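Novice: File input-v8.pdb follows (PDB, C-alpha atoms, pLDDT in the B column):
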ATOM      1  CA  MET A   1     111.162 190.238  68.209  1.00 48.00           C
ATOM      2  CA  SER A   2     110.253 192.713  70.975  1.00 44.00           C
ATOM      3  CA  ARG A   3     109.055 196.266  70.552  1.00 44.00           C
ATOM      4  CA  ILE A   4     112.508 197.578  71.439  1.00 44.00           C
ATOM      5  CA  SER A   5     114.150 195.225  68.933  1.00 46.00           C
ATOM      6  CA  VAL A   6     111.826 196.436  66.182  1.00 42.00           C
ATOM      7  CA  ARG A   7     112.520 200.018  67.056  1.00 45.00           C
ATOM      8  CA  GLY A   8     116.205 199.317  67.051  1.00 46.00           C
ATOM      9  CA  PHE A   9     115.957 197.644  63.684  1.00 43.00           C
ATOM     10  CA  ALA A  10     114.054 200.629  62.335  1.00 43.00           C
ATOM     11  CA  VAL A  11     116.642 203.049  63.688  1.00 43.00           C
ATOM     12  CA  ALA A  12     119.458 200.949  62.309  1.00 44.00           C
ATOM     13  CA  SER A  13     117.784 200.819  58.919  1.00 44.00           C
ATOM     14  CA  ALA A  14     117.221 204.556  58.861  1.00 45.00           C
ATOM     15  CA  THR A  15     120.754 205.130  59.896  1.00 46.00           C
ATOM     16  CA  ALA A  16     122.052 202.888  57.193  1.00 43.00           C
ATOM     17  CA  VAL A  17     119.969 204.685  54.596  1.00 42.00           C
ATOM     18  CA  THR A  18     121.120 208.067  55.830  1.00 46.00           C
ATOM     19  CA  THR A  19     124.692 206.955  55.861  1.00 44.00           C
ATOM     20  CA  VAL A  20     124.514 205.572  52.354  1.00 41.00           C
ATOM     21  CA  GLY A  21     122.868 208.752  51.149  1.00 46.00           C
ATOM     22  CA  ALA A  22     125.581 210.813  52.712  1.00 44.00           C
ATOM     23  CA  VAL A  23     128.294 208.769  51.169  1.00 40.00           C
ATOM     24  CA  VAL A  24     126.595 208.827  47.793  1.00 41.00           C
ATOM     25  CA  GLY A  25     126.184 212.581  48.063  1.00 45.00           C
ATOM     26  CA  VAL A  26     129.803 213.049  48.785  1.00 41.00           C
ATOM     27  CA  ALA A  27     130.828 210.769  45.958  1.00 42.00           C
ATOM     28  CA  SER A  28     128.632 212.561  43.455  1.00 47.00           C
ATOM     29  CA  GLY A  29     129.777 215.942  44.560  1.00 49.00           C
ATOM     30  CA  ASP A  30     126.270 216.917  45.729  1.00 50.00           C
ATOM     31  CA  PRO A  31     126.726 220.362  47.302  1.00 47.00           C
ATOM     32  CA  GLN A  32     123.626 219.752  49.546  1.00 50.00           C
ATOM     33  CA  VAL A  33     125.423 217.084  51.548  1.00 46.00           C
ATOM     34  CA  SER A  34     127.056 218.690  54.562  1.00 51.00           C
ATOM     35  CA  ASP A  35     128.720 217.798  57.774  1.00 55.00           C
ATOM     36  CA  ASP A  36     125.276 217.952  59.467  1.00 54.00           C
ATOM     37  CA  ASN A  37     124.248 214.784  57.679  1.00 52.00           C
ATOM     38  CA  PHE A  38     127.188 212.940  59.085  1.00 48.00           C
ATOM     39  CA  GLU A  39     126.448 214.235  62.558  1.00 53.00           C
ATOM     40  CA  ALA A  40     122.799 213.064  62.353  1.00 50.00           C
ATOM     41  CA  THR A  41     123.928 209.662  61.178  1.00 50.00           C
ATOM     42  CA  ALA A  42     126.363 209.373  64.004  1.00 51.00           C
ATOM     43  CA  ALA A  43     123.626 210.345  66.512  1.00 49.00           C
ATOM     44  CA  ASP A  44     121.251 207.686  65.185  1.00 50.00           C
ATOM     45  CA  MET A  45     123.951 205.069  65.441  1.00 50.00           C
ATOM     46  CA  THR A  46     124.631 206.156  68.991  1.00 49.00           C
ATOM     47  CA  LEU A  47     120.867 205.785  69.800  1.00 49.00           C
ATOM     48  CA  LEU A  48     120.855 202.164  68.546  1.00 47.00           C
ATOM     49  CA  ALA A  49     123.901 201.371  70.561  1.00 51.00           C
ATOM     50  CA  ASP A  50     122.238 202.808  73.690  1.00 56.00           C
ATOM     51  CA  ILE A  51     119.527 199.966  73.791  1.00 57.00           C
ATOM     52  CA  PRO A  52     121.081 197.146  75.859  1.00 64.00           C
ATOM     53  CA  ALA A  53     120.539 193.594  74.677  1.00 65.00           C
ATOM     54  CA  GLY A  54     119.611 192.587  78.263  1.00 68.00           C
ATOM     55  CA  GLN A  55     116.582 194.857  78.299  1.00 69.00           C
ATOM     56  CA  GLN A  56     115.380 193.310  75.079  1.00 66.00           C
ATOM     57  CA  ALA A  57     115.632 189.840  76.718  1.00 69.00           C
ATOM     58  CA  GLN A  58     113.701 191.101  79.766  1.00 73.00           C
ATOM     59  CA  VAL A  59     110.830 192.301  77.597  1.00 71.00           C
ATOM     60  CA  GLN A  60     110.670 188.945  75.837  1.00 74.00           C
ATOM     61  CA  THR A  61     110.723 187.102  79.186  1.00 80.00           C
ATOM     62  CA  ALA A  62     107.892 189.259  80.556  1.00 78.00           C
ATOM     63  CA  SER A  63     105.775 188.478  77.490  1.00 83.00           C
ATOM     64  CA  LEU A  64     106.328 184.734  77.883  1.00 83.00           C
ATOM     65  CA  THR A  65     105.479 184.924  81.597  1.00 86.00           C
ATOM     66  CA  GLN A  66     102.201 186.694  80.816  1.00 85.00           C
ATOM     67  CA  GLN A  67     101.294 184.022  78.272  1.00 86.00           C
ATOM     68  CA  ALA A  68     102.070 181.299  80.807  1.00 85.00           C
ATOM     69  CA  ASP A  69      99.857 183.020  83.388  1.00 86.00           C
ATOM     70  CA  VAL A  70      96.959 183.165  80.915  1.00 90.00           C
ATOM     71  CA  GLN A  71      97.373 179.497  80.025  1.00 88.00           C
ATOM     72  CA  ALA A  72      97.532 178.527  83.719  1.00 87.00           C
ATOM     73  CA  ALA A  73      94.348 180.473  84.466  1.00 88.00           C
ATOM     74  CA  ALA A  74      92.568 178.770  81.568  1.00 89.00           C
ATOM     75  CA  ALA A  75      93.741 175.363  82.806  1.00 88.00           C
ATOM     76  CA  ASP A  76      92.486 176.146  86.324  1.00 87.00           C
ATOM     77  CA  ALA A  77      89.082 177.190  84.979  1.00 89.00           C
ATOM     78  CA  THR A  78      88.814 173.977  82.947  1.00 90.00           C
ATOM     79  CA  ALA A  79      89.810 171.855  85.934  1.00 88.00           C
ATOM     80  CA  LYS A  80      87.284 173.635  88.150  1.00 89.00           C
ATOM     81  CA  LYS A  81      84.510 173.113  85.605  1.00 87.00           C
ATOM     82  CA  SER A  82      85.394 169.427  85.294  1.00 87.00           C
ATOM     83  CA  ALA A  83      85.375 169.013  89.076  1.00 89.00           C
ATOM     84  CA  GLU A  84      81.982 170.716  89.381  1.00 89.00           C
ATOM     85  CA  GLU A  85      80.515 168.505  86.640  1.00 89.00           C
ATOM     86  CA  ALA A  86      81.910 165.366  88.296  1.00 90.00           C
ATOM     87  CA  ALA A  87      80.426 166.467  91.632  1.00 89.00           C
ATOM     88  CA  ARG A  88      77.031 167.079  89.997  1.00 88.00           C
ATOM     89  CA  ILE A  89      77.040 163.637  88.374  1.00 93.00           C
ATOM     90  CA  GLN A  90      78.037 161.965  91.650  1.00 91.00           C
ATOM     91  CA  ALA A  91      75.331 163.832  93.557  1.00 91.00           C
ATOM     92  CA  ALA A  92      72.732 162.658  91.038  1.00 90.00           C
ATOM     93  CA  LYS A  93      73.944 159.065  91.388  1.00 88.00           C
ATOM     94  CA  ASP A  94      73.824 159.294  95.185  1.00 89.00           C
ATOM     95  CA  ALA A  95      70.289 160.702  95.117  1.00 90.00           C
ATOM     96  CA  LYS A  96      69.141 157.934  92.763  1.00 90.00           C
ATOM     97  CA  ALA A  97      70.709 155.229  94.937  1.00 90.00           C
ATOM     98  CA  LYS A  98      69.123 156.738  98.053  1.00 87.00           C
ATOM     99  CA  LYS A  99      65.671 156.810  96.420  1.00 89.00           C
ATOM    100  CA  GLU A 100      66.013 153.216  95.222  1.00 89.00           C
ATOM    101  CA  ALA A 101      67.024 152.110  98.722  1.00 90.00           C
ATOM    102  CA  ALA A 102      64.019 153.924 100.219  1.00 89.00           C
ATOM    103  CA  ASP A 103      61.681 152.367  97.637  1.00 90.00           C
ATOM    104  CA  ASP A 104      63.082 148.908  98.356  1.00 86.00           C
ATOM    105  CA  ALA A 105      62.621 149.395 102.098  1.00 89.00           C
ATOM    106  CA  ALA A 106      59.031 150.571 101.587  1.00 89.00           C
ATOM    107  CA  GLU A 107      58.296 147.584  99.358  1.00 88.00           C
ATOM    108  CA  ARG A 108      59.741 145.158 101.912  1.00 87.00           C
ATOM    109  CA  GLU A 109      57.701 146.781 104.648  1.00 85.00           C
ATOM    110  CA  ARG A 110      54.531 146.552 102.533  1.00 84.00           C
ATOM    111  CA  LYS A 111      55.100 142.880 101.766  1.00 83.00           C
ATOM    112  CA  ALA A 112      55.833 142.110 105.407  1.00 84.00           C
ATOM    113  CA  LYS A 113      52.629 143.855 106.453  1.00 74.00           C
ATOM    114  CA  GLU A 114      50.602 141.939 103.862  1.00 73.00           C
ATOM    115  CA  ALA A 115      52.149 138.647 104.972  1.00 74.00           C
ATOM    116  CA  LYS A 116      51.308 139.419 108.594  1.00 65.00           C
ATOM    117  CA  GLU A 117      47.717 140.327 107.757  1.00 60.00           C
ATOM    118  CA  ARG A 118      47.356 137.243 105.596  1.00 63.00           C
ATOM    119  CA  ALA A 119      48.660 135.012 108.381  1.00 60.00           C
ATOM    120  CA  SER A 120      46.258 136.657 110.815  1.00 52.00           C
ATOM    121  CA  ARG A 121      43.307 136.117 108.485  1.00 53.00           C
ATOM    122  CA  ASP A 122      44.275 132.507 107.911  1.00 58.00           C
ATOM    123  CA  GLU A 123      44.465 131.926 111.649  1.00 55.00           C
ATOM    124  CA  VAL A 124      41.060 133.494 112.256  1.00 50.00           C
ATOM    125  CA  ARG A 125      39.495 131.503 109.438  1.00 54.00           C
ATOM    126  CA  SER A 126      41.041 128.344 110.829  1.00 55.00           C
ATOM    127  CA  GLN A 127      39.527 129.118 114.201  1.00 52.00           C
ATOM    128  CA  SER A 128      36.152 129.684 112.583  1.00 48.00           C
ATOM    129  CA  SER A 129      36.212 126.443 110.622  1.00 50.00           C
ATOM    130  CA  SER A 130      37.262 124.463 113.674  1.00 48.00           C
ATOM    131  CA  GLY A 131      34.511 126.023 115.783  1.00 49.00           C
ATOM    132  CA  SER A 132      36.937 127.650 118.215  1.00 59.00           C
ATOM    133  CA  PHE A 133      34.719 130.746 118.435  1.00 70.00           C
ATOM    134  CA  THR A 134      32.808 130.240 121.633  1.00 72.00           C
ATOM    135  CA  GLN A 135      29.238 129.746 120.598  1.00 76.00           C
ATOM    136  CA  GLN A 136      26.544 131.606 122.461  1.00 82.00           C
ATOM    137  CA  ALA A 137      22.819 131.141 122.833  1.00 83.00           C
ATOM    138  CA  SER A 138      22.280 134.453 121.072  1.00 88.00           C
ATOM    139  CA  TYR A 139      24.267 137.342 119.611  1.00 93.00           C
ATOM    140  CA  THR A 140      23.716 141.079 119.386  1.00 94.00           C
ATOM    141  CA  VAL A 141      24.361 142.944 116.146  1.00 95.00           C
ATOM    142  CA  ALA A 142      27.528 144.429 117.659  1.00 94.00           C
ATOM    143  CA  GLU A 143      28.804 140.952 118.559  1.00 94.00           C
ATOM    144  CA  VAL A 144      28.090 139.598 115.089  1.00 95.00           C
ATOM    145  CA  LYS A 145      29.936 142.531 113.522  1.00 96.00           C
ATOM    146  CA  ALA A 146      32.872 141.966 115.870  1.00 94.00           C
ATOM    147  CA  ILE A 147      33.100 138.335 114.722  1.00 94.00           C
ATOM    148  CA  ALA A 148      32.913 139.439 111.096  1.00 95.00           C
ATOM    149  CA  ARG A 149      35.789 141.881 111.602  1.00 95.00           C
ATOM    150  CA  GLN A 150      37.931 139.001 112.800  1.00 93.00           C
ATOM    151  CA  ILE A 151      37.175 136.901 109.746  1.00 94.00           C
ATOM    152  CA  VAL A 152      36.812 139.355 106.854  1.00 95.00           C
ATOM    153  CA  PRO A 153      39.952 141.163 105.555  1.00 95.00           C
ATOM    154  CA  ALA A 154      40.038 144.773 106.729  1.00 94.00           C
ATOM    155  CA  ASP A 155      40.135 146.191 103.198  1.00 95.00           C
ATOM    156  CA  GLN A 156      37.034 144.170 102.250  1.00 96.00           C
ATOM    157  CA  PHE A 157      34.989 144.568 105.410  1.00 96.00           C
ATOM    158  CA  GLN A 158      33.041 147.673 104.360  1.00 96.00           C
ATOM    159  CA  CYS A 159      31.862 145.984 101.152  1.00 97.00           C
ATOM    160  CA  PHE A 160      30.995 142.800 103.055  1.00 97.00           C
ATOM    161  CA  SER A 161      29.124 144.833 105.666  1.00 97.00           C
ATOM    162  CA  SER A 162      27.193 146.745 102.990  1.00 96.00           C
ATOM    163  CA  ILE A 163      25.855 143.499 101.515  1.00 96.00           C
ATOM    164  CA  VAL A 164      24.927 142.016 104.916  1.00 97.00           C
ATOM    165  CA  GLU A 165      23.242 145.267 105.953  1.00 96.00           C
ATOM    166  CA  ARG A 166      21.018 145.176 102.868  1.00 94.00           C
ATOM    167  CA  GLU A 167      20.325 141.434 103.024  1.00 94.00           C
ATOM    168  CA  SER A 168      19.595 140.914 106.729  1.00 96.00           C
ATOM    169  CA  THR A 169      20.491 144.055 108.742  1.00 96.00           C
ATOM    170  CA  TRP A 170      23.026 141.802 110.535  1.00 97.00           C
ATOM    171  CA  ASN A 171      20.330 139.452 111.838  1.00 97.00           C
ATOM    172  CA  TYR A 172      21.881 135.971 111.720  1.00 96.00           C
ATOM    173  CA  ARG A 173      18.433 134.390 112.189  1.00 96.00           C
ATOM    174  CA  ALA A 174      16.726 136.400 109.431  1.00 96.00           C
ATOM    175  CA  GLN A 175      14.521 134.274 107.182  1.00 95.00           C
ATOM    176  CA  ASN A 176      12.585 135.227 104.074  1.00 94.00           C
ATOM    177  CA  PRO A 177       9.069 133.811 104.457  1.00 92.00           C
ATOM    178  CA  SER A 178       8.554 133.604 100.713  1.00 93.00           C
ATOM    179  CA  SER A 179      11.783 132.110  99.420  1.00 92.00           C
ATOM    180  CA  GLY A 180      13.182 130.573 102.559  1.00 92.00           C
ATOM    181  CA  ALA A 181      16.517 132.423 102.217  1.00 95.00           C
ATOM    182  CA  TYR A 182      18.250 132.365 105.580  1.00 97.00           C
ATOM    183  CA  GLY A 183      20.874 134.075 107.693  1.00 97.00           C
ATOM    184  CA  LEU A 184      23.178 137.062 107.357  1.00 97.00           C
ATOM    185  CA  MET A 185      23.755 136.577 103.634  1.00 95.00           C
ATOM    186  CA  GLN A 186      20.257 135.207 102.928  1.00 95.00           C
ATOM    187  CA  ALA A 187      21.623 131.986 101.500  1.00 95.00           C
ATOM    188  CA  LEU A 188      19.089 130.133  99.362  1.00 94.00           C
ATOM    189  CA  PRO A 189      18.535 127.558 100.517  1.00 94.00           C
ATOM    190  CA  GLY A 190      20.041 128.194 103.921  1.00 94.00           C
ATOM    191  CA  SER A 191      21.160 124.601 104.178  1.00 95.00           C
ATOM    192  CA  LYS A 192      23.967 125.209 101.661  1.00 95.00           C
ATOM    193  CA  MET A 193      25.859 126.843 104.536  1.00 96.00           C
ATOM    194  CA  SER A 194      26.249 123.404 106.082  1.00 95.00           C
ATOM    195  CA  SER A 195      29.306 123.025 103.847  1.00 94.00           C
ATOM    196  CA  VAL A 196      31.070 125.137 106.472  1.00 93.00           C
ATOM    197  CA  GLY A 197      29.401 123.874 109.622  1.00 93.00           C
ATOM    198  CA  SER A 198      26.361 122.020 110.834  1.00 93.00           C
ATOM    199  CA  ASP A 199      25.571 124.897 113.189  1.00 94.00           C
ATOM    200  CA  TRP A 200      24.799 127.241 110.295  1.00 95.00           C
ATOM    201  CA  GLN A 201      21.369 128.166 111.708  1.00 95.00           C
ATOM    202  CA  THR A 202      22.661 129.436 115.065  1.00 94.00           C
ATOM    203  CA  ASN A 203      26.325 130.348 114.612  1.00 95.00           C
ATOM    204  CA  PRO A 204      27.021 133.689 112.891  1.00 96.00           C
ATOM    205  CA  ALA A 205      30.695 132.750 112.529  1.00 95.00           C
ATOM    206  CA  THR A 206      29.680 129.817 110.334  1.00 95.00           C
ATOM    207  CA  GLN A 207      27.461 132.056 108.214  1.00 96.00           C
ATOM    208  CA  ILE A 208      30.163 134.715 107.872  1.00 97.00           C
ATOM    209  CA  LYS A 209      32.710 132.100 106.846  1.00 95.00           C
ATOM    210  CA  TRP A 210      30.354 130.721 104.207  1.00 96.00           C
ATOM    211  CA  GLY A 211      29.469 134.210 102.921  1.00 95.00           C
ATOM    212  CA  LEU A 212      33.114 135.204 102.588  1.00 95.00           C
ATOM    213  CA  ASN A 213      33.903 132.018 100.674  1.00 94.00           C
ATOM    214  CA  TYR A 214      30.941 132.663  98.372  1.00 94.00           C
ATOM    215  CA  MET A 215      32.021 136.254  97.642  1.00 95.00           C
ATOM    216  CA  ASN A 216      35.649 135.206  97.103  1.00 93.00           C
ATOM    217  CA  SER A 217      34.683 132.454  94.660  1.00 89.00           C
ATOM    218  CA  ASP A 218      35.153 132.601  90.898  1.00 83.00           C
ATOM    219  CA  ARG A 219      31.693 134.137  90.647  1.00 86.00           C
ATOM    220  CA  TYR A 220      32.885 137.485  92.069  1.00 93.00           C
ATOM    221  CA  GLY A 221      36.452 137.297  93.377  1.00 93.00           C
ATOM    222  CA  SER A 222      36.040 139.462  96.473  1.00 95.00           C
ATOM    223  CA  PRO A 223      33.383 141.093  98.703  1.00 95.00           C
ATOM    224  CA  CYS A 224      33.935 144.448  96.971  1.00 96.00           C
ATOM    225  CA  GLN A 225      33.364 142.927  93.541  1.00 95.00           C
ATOM    226  CA  ALA A 226      30.286 141.160  94.877  1.00 94.00           C
ATOM    227  CA  PHE A 227      28.977 144.459  96.247  1.00 95.00           C
ATOM    228  CA  ALA A 228      29.590 146.169  92.897  1.00 95.00           C
ATOM    229  CA  PHE A 229      27.425 143.474  91.299  1.00 94.00           C
ATOM    230  CA  TRP A 230      24.789 143.946  94.016  1.00 92.00           C
ATOM    231  CA  GLN A 231      24.665 147.698  93.372  1.00 93.00           C
ATOM    232  CA  ALA A 232      24.145 147.091  89.655  1.00 93.00           C
ATOM    233  CA  ASN A 233      21.534 144.351  90.007  1.00 91.00           C
ATOM    234  CA  GLY A 234      20.004 144.544  93.480  1.00 87.00           C
ATOM    235  CA  TRP A 235      21.060 140.959  94.265  1.00 86.00           C
ATOM    236  CA  TYR A 236      24.187 138.868  94.238  1.00 85.00           C
TER     237      TYR A 236
END
What is this file in structure tokens?
Specialist:
Amino acid sequence: MSRISVRGFAVASATAVTTVGAVVGVASGDPQVSDDNFEATAADMTLLADIPAGQQAQVQTASLTQQADVQAAAADATAKKSAEEAARIQAAKDAKAKKEAADDAAERERKAKEAKERASRDEVRSQSSSGSFTQQASYTVAEVKAIARQIVPADQFQCFSSIVERESTWNYRAQNPSSGAYGLMQALPGSKMSSVGSDWQTNPATQIKWGLNYMNSDRYGSPCQAFAFWQANGWY
């Protein structure tokens, strides 16, 4: 019921009460009841009749329209929030997929690089074992180091070099007068390097190949592990 309807109901009720009172007063012979009472009652009834039913319907319609607008606004806010949440979730998924793709690409690149380096090392070692390094009458320290760089893996070269530097200062003909240890790695006896080549006394490539095999063996596992042992014990 609208505000106007309530007011009309109240006016009608008051009018009815007034009218009844007037009638009762007349019936009982109450001298206080006068023509004024009847005039007031008639005026109140006229006031109720003056409120058109159409206006009451318009007020009700306006109230329903306002409620619908509020509900529509709430629905729009909910839909907007849902859309924003869905967009956030999708963005997180996209970022995760992009990172995974980048990680996969980096891993493939790393493996390809390792495979290439491994193939290069295998080729160089094959050349060394087959004697394809052109042998010279003598070698400078720089030349011996250059050969070693071709044979020893790049990530192990510094450790390998540190051992050779301490054992022979890169002199492939170095010999210990007391023990008889010979060559770059001071193999004892030197003749054990013949397992790689019979030219072990004059070919630094043969000595380097033997030394790398020795450091990579089960005894150490790599030049860097061999150097760690050397640092702790002063020999390897």
Novice: To test your reading of the syntax: which residues would the PyMOL selection byres ((chain A and resi 148) around 9) return for the file shown? Reply as a PDB file with C-alpha atoms, keeping the file's coordinate frame.
Specialist:
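Contents of out_38.pdb, as written:
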ATOM      1  CA  GLU A 143      28.804 140.952 118.559  1.00 94.00           C
ATOM      2  CA  VAL A 144      28.090 139.598 115.089  1.00 95.00           C
ATOM      3  CA  LYS A 145      29.936 142.531 113.522  1.00 96.00           C
ATOM      4  CA  ALA A 146      32.872 141.966 115.870  1.00 94.00           C
ATOM      5  CA  ILE A 147      33.100 138.335 114.722  1.00 94.00           C
ATOM      6  CA  ARG A 149      35.789 141.881 111.602  1.00 95.00           C
ATOM      7  CA  GLN A 150      37.931 139.001 112.800  1.00 93.00           C
ATOM      8  CA  ILE A 151      37.175 136.901 109.746  1.00 94.00           C
ATOM      9  CA  VAL A 152      36.812 139.355 106.854  1.00 95.00           C
ATOM     10  CA  PHE A 157      34.989 144.568 105.410  1.00 96.00           C
ATOM     11  CA  PHE A 160      30.995 142.800 103.055  1.00 97.00           C
ATOM     12  CA  SER A 161      29.124 144.833 105.666  1.00 97.00           C
ATOM     13  CA  PRO A 204      27.021 133.689 112.891  1.00 96.00           C
ATOM     14  CA  ALA A 205      30.695 132.750 112.529  1.00 95.00           C
ATOM     15  CA  ILE A 208      30.163 134.715 107.872  1.00 97.00           C
ATOM     16  CA  LYS A 209      32.710 132.100 106.846  1.00 95.00           C
TER      17      LYS A 209
END
Novice: Name all residues at most 8 Å from segment 217-228 of chain A (count all atoms listed in the file; drop same-chain ones fewer than 5 positions away) and give them as a list in words.
Specialist: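 So, after excluding close chain neighbours, the residues are Gln156, Phe157, Cys159, Phe160, Ser162, Ile163, Leu212 and Tyr236 of chain A.
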Novice: Enclose the full set of atoms of segment 187-191 of chain A listed in the file within a box whose edges lie along x, y and z, apply 3 Å of padding to each of the six sides, and report centre and edge lengths in Å to one decimal as AutoDock Vina command-line options.
Specialist:
--center_x 20.1 --center_y 128.3 --center_z 101.8 --size_x 9.1 --size_y 13.4 --size_z 10.8
Novice: Do you have the atom CA of Ala181 of chain A-atom CA of Ser168 of chain A distance handy?
Specialist: 10.1 Å
Novice: If the PyMOL selection byres ((chain A and resi 175) around 12) is run on the structure shown, which residues does it catch, given as a list in words?
Specialist: Glu167, Ser168, Thr169, Trp170, Asn171, Tyr172, Arg173, Ala174, Asn176, Pro177, Ser178, Ser179, Gly180, Ala181, Tyr182, Gly183, Leu184, Met185, Gln186, Ala187, Leu188, Pro189, Gly190 and Gln201 of chain A
Novice: Separation of atom CA of Gln136 of chain A and atom CA of Asn203 of chain A, in Å?
Specialist: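 Interatomic distance, atom CA of Gln136 of chain A to atom CA of Asn203 of chain A: 8.0 Å.
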Novice: Would you compute the distance between atom CA of Ala68 of chain A and atom CA of Glu85 of chain A? Give it in Å to one decimal.
Specialist: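 One can read the atom CA of Ala68 of chain A to atom CA of Glu85 of chain A distance as 25.7 Å.
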